[in-house]
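Novice: Below: one structure in structure tokens.
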Amino acid sequence: MRKWGIAALIVLAVGSLLAGFLNSGAHGPGHWWDSIPGFFIFFGFVGCALLIVFSKALGKAFLLKKEDYYNKMK
Amino acid sequence: MLDIAVPPAFPLLLGALALPFLPKKLRSAGFVFITFLTLLLVWFQPAGLSLTVQVMDYSLMLLKTDALSRVFGLIFAFIVFAGSIYAYHIKDKTQHSFALLYAGGALGVTFAGDLFTLFLYWELMAVASTYLIWARRNREARRAGFRYIIYHVLGGGLLFMGILLHYGQTGSLSMRQFSPGEGAATWLMLLGVIVNAAVPPLHTWLSDAYPKATVTGAVFLSAFTTKTAVYVLIRMFPGWEILLILGTIMTLYGVVFAILSNDIRGILAYHIISQVGYMVAGVGIGTEMALNGSAAHAFSHILYKALLFMGAGTVLYATGKSKLTELGGLHKRLRPALILYMVAAFSISGFPFFNGFVSKSMVVAAAGETHHALAMLLLLLASVGTFLSVGLKLPYFTWFAEDRKIETKPLPPNMIVAMTLTAFFCFLHGVKPGLLYALLPHPVHFNPYTIPHLVETVQILVFTFIAFWVLRKKLEPHADIALDLDWLFRRPATFLRRVFVDGTAAL
């Protein structure tokens, strides 16, 4: 089951890269990232990692409290 | 098309009043029936209908149909119908009446032709929705309900002040487009609407109260308050630049707090804030495509968000638990709920062939076309976070991960029926976006199924998944709560009460 999952992910990733290369004719307003193949591979992975790290850091710094935080004062 | 100039709110409101007089056994059926009739009414009413009544010196336009009100009216009517099926098993039938009042208020706002009528229905929504929180009947819900209603009274007050001021200055109650330079009255109205749209910093009523509502009540709550606010924004405040900024910030704000949240409905509540951010941003961009995108995304969102709350609701119903730290290993026992939940999760994450893909991308593309490149990237980043928390973290720790051998109650079949019905439309619009696009207020020249868009989406989804899998230990849930801006009034609350209430009472 796991092997099929990994295979599917690889096929999708490689397929999307190929499709990006084959379709390089510019469409609509060009953005700076349109000319970088696989940009969204980087964006998805790093973006996800950054969100996780940033949220956890924010949480540890001052946001996360015990569940009864608002109740123990009543 | 039927030229019946009956405001669609009326059957729902009458239904709410009539329901207690039906025998208990028939009330759920009555609820389903009246919502279905209302859906038919909205579907068959053509654009261009209106109904005006004279009340003292004022002309109140109780009904005004056009493409924009129709698209919102349709989805509101549909979702209360689906919700009525989901709630069929409920023994507390007063919830049915209040859900009808709430939905009636939403349809009233949608089809109102003047500001005063709008305001009356706006307040009705606030009162009726509070009941659905209080109906949970525990201490937490009671308190959250009080915070909720106070928030909405204040928000409604701002809206009303704006309307009065505007009427005093212009003598007009018409619901037309305003522009930022028109004066303080319009800003006051905007502020009142923004409260209902749950724009941070005025959003905590949503994240605080929705997770504490009843299993079925939360489904209704997720649909109406924020989306009627979006409707009003599209109609009256298109192109106000501040909305683009606020909307973009909202999308990420909701995502960050969702990642930190341990309660499954808390995660979903913060994602309402995040997804509404796309709609608010679209209004801020103001082009026809952006406004179409906001309306389309509101439509899609109501469908998949209700389905998400239905799914989380089945978990809560079956296990009595809603915290990730207490769940896990349910995939064998709540399998249909898992599958239907995942339809909604794919939709919200923007998977091809589901409705989020065809609507969210319209707003993002509108940002791109108007050269708001940073906003576009931030909206895409929020999509990454959305898939991460709703599509990966929530289902993983609820249905998979550690099997705590939790006992499950069997689910009433009506819940699955309602979820299947809703999931059907999420999928239908994904594969046939034209059906949704035909309802939008402006002509649509957008095709979501282009190679570049598919490439971008596949890459984002696959690699967000990989990052999640690699870092999943870091996402282990903890039994914490994340303090939000309501800390500013909740923390001093005990002290203030001691001083102002107990202290003055002792004098």
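We name chains A, B, ... following the order of the structure tokens; residues begin at 1 in each chain, and ligands are numbered from 1 as shown.
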Could the residues of chain B within 7 Å of chain A, counting only C-alpha atoms, be given as a list in words, please?
Specialist: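 Per the criterion, chain B yields Val256, Ile259, Leu260, Glu369, Leu381, Val384, Gly385, Pro452, Val455, Glu456, Val458, Gln459, Ile460, Leu461, Val462, Phe463, Thr464, Ala467, Ala479, Asp480, Ile481, Ala482, Leu483 and Thr494 of chain B.
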Novice: Enumerate the residues of stretch 29-136 of chain B with a DSSP assignment of strand (DSSP E or B), computed from the backbone, and present them as a list in words.
Specialist: Ser50, Leu51, Thr52, Val53, Gln54, Val55, Tyr58, Ser59, Leu60, Met61, Leu62, Leu63, Lys64 and Asp114 of chain B
Novice: Could you save those same residues with N, CA, C and O atoms as a PDB file, in the first residue's frame?
Specialist:
```
ATOM      1  N   SER B  50     -39.415  42.590  -7.101  1.00  0.00           N
ATOM      2  CA  SER B  50     -39.258  43.362  -5.873  1.00  0.00           C
ATOM      3  C   SER B  50     -40.586  43.485  -5.157  1.00  0.00           C
ATOM      4  O   SER B  50     -41.659  43.296  -5.733  1.00  0.00           O
ATOM      5  N   LEU B  51     -40.510  43.764  -3.872  1.00  0.00           N
ATOM      6  CA  LEU B  51     -41.692  43.916  -3.042  1.00  0.00           C
ATOM      7  C   LEU B  51     -41.409  45.034  -2.060  1.00  0.00           C
ATOM      8  O   LEU B  51     -40.487  44.937  -1.250  1.00  0.00           O
ATOM      9  N   THR B  52     -42.193  46.091  -2.137  1.00  0.00           N
ATOM     10  CA  THR B  52     -41.975  47.233  -1.254  1.00  0.00           C
ATOM     11  C   THR B  52     -43.197  47.440  -0.385  1.00  0.00           C
ATOM     12  O   THR B  52     -44.324  47.330  -0.876  1.00  0.00           O
ATOM     13  N   VAL B  53     -42.967  47.708   0.900  1.00  0.00           N
ATOM     14  CA  VAL B  53     -44.094  48.031   1.780  1.00  0.00           C
ATOM     15  C   VAL B  53     -43.859  49.395   2.402  1.00  0.00           C
ATOM     16  O   VAL B  53     -42.720  49.816   2.596  1.00  0.00           O
ATOM     17  N   GLN B  54     -44.953  50.061   2.714  1.00  0.00           N
ATOM     18  CA  GLN B  54     -44.863  51.365   3.366  1.00  0.00           C
ATOM     19  C   GLN B  54     -45.070  51.177   4.851  1.00  0.00           C
ATOM     20  O   GLN B  54     -46.090  50.651   5.264  1.00  0.00           O
ATOM     21  N   VAL B  55     -44.066  51.568   5.627  1.00  0.00           N
ATOM     22  CA  VAL B  55     -44.213  51.537   7.072  1.00  0.00           C
ATOM     23  C   VAL B  55     -44.034  52.969   7.554  1.00  0.00           C
ATOM     24  O   VAL B  55     -42.943  53.523   7.473  1.00  0.00           O
ATOM     25  N   TYR B  58     -41.672  55.417   5.788  1.00  0.00           N
ATOM     26  CA  TYR B  58     -40.563  54.783   5.091  1.00  0.00           C
ATOM     27  C   TYR B  58     -41.023  53.733   4.099  1.00  0.00           C
ATOM     28  O   TYR B  58     -41.981  53.027   4.318  1.00  0.00           O
ATOM     29  N   SER B  59     -40.305  53.649   3.010  1.00  0.00           N
ATOM     30  CA  SER B  59     -40.514  52.594   2.021  1.00  0.00           C
ATOM     31  C   SER B  59     -39.511  51.505   2.284  1.00  0.00           C
ATOM     32  O   SER B  59     -38.308  51.726   2.145  1.00  0.00           O
ATOM     33  N   LEU B  60     -40.007  50.339   2.681  1.00  0.00           N
ATOM     34  CA  LEU B  60     -39.070  49.248   2.925  1.00  0.00           C
ATOM     35  C   LEU B  60     -39.158  48.237   1.801  1.00  0.00           C
ATOM     36  O   LEU B  60     -40.234  47.750   1.477  1.00  0.00           O
ATOM     37  N   MET B  61     -38.009  47.937   1.215  1.00  0.00           N
ATOM     38  CA  MET B  61     -38.007  46.990   0.116  1.00  0.00           C
ATOM     39  C   MET B  61     -37.662  45.615   0.676  1.00  0.00           C
ATOM     40  O   MET B  61     -36.501  45.321   0.949  1.00  0.00           O
ATOM     41  N   LEU B  62     -38.697  44.807   0.859  1.00  0.00           N
ATOM     42  CA  LEU B  62     -38.471  43.517   1.500  1.00  0.00           C
ATOM     43  C   LEU B  62     -37.884  42.477   0.566  1.00  0.00           C
ATOM     44  O   LEU B  62     -37.430  41.436   1.001  1.00  0.00           O
ATOM     45  N   LEU B  63     -37.972  42.741  -0.729  1.00  0.00           N
ATOM     46  CA  LEU B  63     -37.492  41.750  -1.681  1.00  0.00           C
ATOM     47  C   LEU B  63     -36.893  42.467  -2.866  1.00  0.00           C
ATOM     48  O   LEU B  63     -37.486  43.392  -3.418  1.00  0.00           O
ATOM     49  N   LYS B  64     -35.696  42.044  -3.243  1.00  0.00           N
ATOM     50  CA  LYS B  64     -35.099  42.584  -4.459  1.00  0.00           C
ATOM     51  C   LYS B  64     -34.192  41.504  -5.017  1.00  0.00           C
ATOM     52  O   LYS B  64     -33.157  41.196  -4.428  1.00  0.00           O
ATOM     53  N   ASP B 114     -33.324  47.461   1.112  1.00  0.00           N
ATOM     54  CA  ASP B 114     -32.964  48.720   1.763  1.00  0.00           C
ATOM     55  C   ASP B 114     -32.216  48.425   3.052  1.00  0.00           C
ATOM     56  O   ASP B 114     -32.293  47.323   3.598  1.00  0.00           O
TER      57      ASP B 114
END
```
Novice: Go through stretch 10-58 of chain A and collect every residue that DSSP, computed from the backbone, puts in helix (DSSP H, G or I); the answer should be as an mmCIF file with C-alpha atoms, in the first residue's frame.
Specialist:
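Resulting contents of result_6.cif:
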```cif
data_model
loop_
_atom_site.group_PDB
_atom_site.id
_atom_site.type_symbol
_atom_site.label_atom_id
_atom_site.label_comp_id
_atom_site.auth_asym_id
_atom_site.auth_seq_id
_atom_site.Cartn_x
_atom_site.Cartn_y
_atom_site.Cartn_z
ATOM 1 C CA ILE A 10 6.727 10.474 -7.573
ATOM 2 C CA VAL A 11 4.635 10.177 -10.722
ATOM 3 C CA LEU A 12 2.681 13.308 -9.819
ATOM 4 C CA ALA A 13 5.781 15.294 -8.940
ATOM 5 C CA VAL A 14 7.722 14.327 -12.058
ATOM 6 C CA GLY A 15 4.632 14.637 -14.228
ATOM 7 C CA SER A 16 3.990 18.157 -13.036
ATOM 8 C CA LEU A 17 7.580 19.156 -13.729
ATOM 9 C CA LEU A 18 7.414 17.739 -17.241
ATOM 10 C CA ALA A 19 4.077 19.395 -17.898
ATOM 11 C CA GLY A 20 5.557 22.675 -16.713
ATOM 12 C CA PHE A 21 8.498 22.343 -19.110
ATOM 13 C CA LEU A 22 6.387 21.357 -22.067
ATOM 14 C CA TRP A 32 8.593 36.297 -11.773
ATOM 15 C CA TRP A 33 8.005 32.758 -10.661
ATOM 16 C CA ASP A 34 6.526 31.564 -13.965
ATOM 17 C CA SER A 35 9.985 31.101 -15.411
ATOM 18 C CA PHE A 39 8.779 26.714 -8.193
ATOM 19 C CA PHE A 40 5.710 25.381 -6.453
ATOM 20 C CA ILE A 41 7.559 22.250 -5.379
ATOM 21 C CA PHE A 42 9.796 24.512 -3.388
ATOM 22 C CA PHE A 43 6.854 26.679 -2.334
ATOM 23 C CA GLY A 44 4.786 23.762 -1.076
ATOM 24 C CA PHE A 45 7.556 22.082 0.870
ATOM 25 C CA VAL A 46 9.265 25.141 2.328
ATOM 26 C CA GLY A 47 5.980 26.967 2.851
ATOM 27 C CA CYS A 48 4.546 24.067 4.795
ATOM 28 C CA ALA A 49 7.697 23.657 6.876
ATOM 29 C CA LEU A 50 7.849 27.389 7.586
ATOM 30 C CA LEU A 51 4.206 27.498 8.661
ATOM 31 C CA ILE A 52 4.744 24.606 11.047
ATOM 32 C CA VAL A 53 7.922 26.055 12.523
ATOM 33 C CA PHE A 54 6.526 29.590 12.738
ATOM 34 C CA SER A 55 3.263 28.521 14.356
ATOM 35 C CA LYS A 56 4.998 26.334 16.899
ATOM 36 C CA ALA A 57 7.447 29.090 17.758
ATOM 37 C CA LEU A 58 4.624 31.560 18.209
#
```
Novice: For stretch 329-344 of chain B, please output as a PyMOL selection string all residues within 6 Å (counting only C-alpha atoms; exclusion window: fewer than 2 positions along the same chain).
Specialist: chain B and resi 304+307-308+311+346-347+399-400+402-403
Novice: Which one of B:Leu17, B:Leu159, B:Leu164, B:Leu202 sits closest to B:Leu485 if you count only C-alpha atoms?
Specialist: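 Of all the options, B:Leu202 lies closest to B:Leu485.
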Novice: Hey, which of B:Val230, B:Met161, B:Leu246, B:Ala345 ends up closest to B:His297? Count only C-alpha atoms.
Specialist: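 Smallest separation from B:His297 among the options: B:Val230.
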Novice: Got a sec: who's within 9 Å of stretch 126-132 of chain B, counting only C-alpha atoms, leaving out chain neighbours fewer than 2 positions off, as a ChimeraX atom specification?
Specialist: /B:95,97-103,105,121-124,134-136,145-146,148-149,152-153,156,213-214,216-218,220-221,225
Novice: With only C-alpha atoms as the atoms that count, which of B:Gly73, B:Gly15, B:Pro211, B:Pro443 lies nearest to B:Glu140?
Specialist: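 Result for the nearest residue to B:Glu140: B:Pro211.
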Novice: With distances taken over only C-alpha atoms, which of B:Phe72, B:Phe500, B:Phe351, B:Phe357 is nearest to B:Ala298?
Specialist: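 Checking each candidate against B:Ala298, we get B:Phe72 as the closest.
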Novice: To one decimal place in Å, what is the distance between atom CA of B:Arg70 and atom CA of B:Phe446?
Specialist: 20.8 Å
Novice: What lies within 12 Å of B:Thr204 using only C-alpha atoms, ignoring chain neighbours under 4 positions off, as a PyMOL selection string?
Specialist: chain B and resi 144-145+147-152+195-200+208-211+253-254+257+266+269-270+272-273+482-490
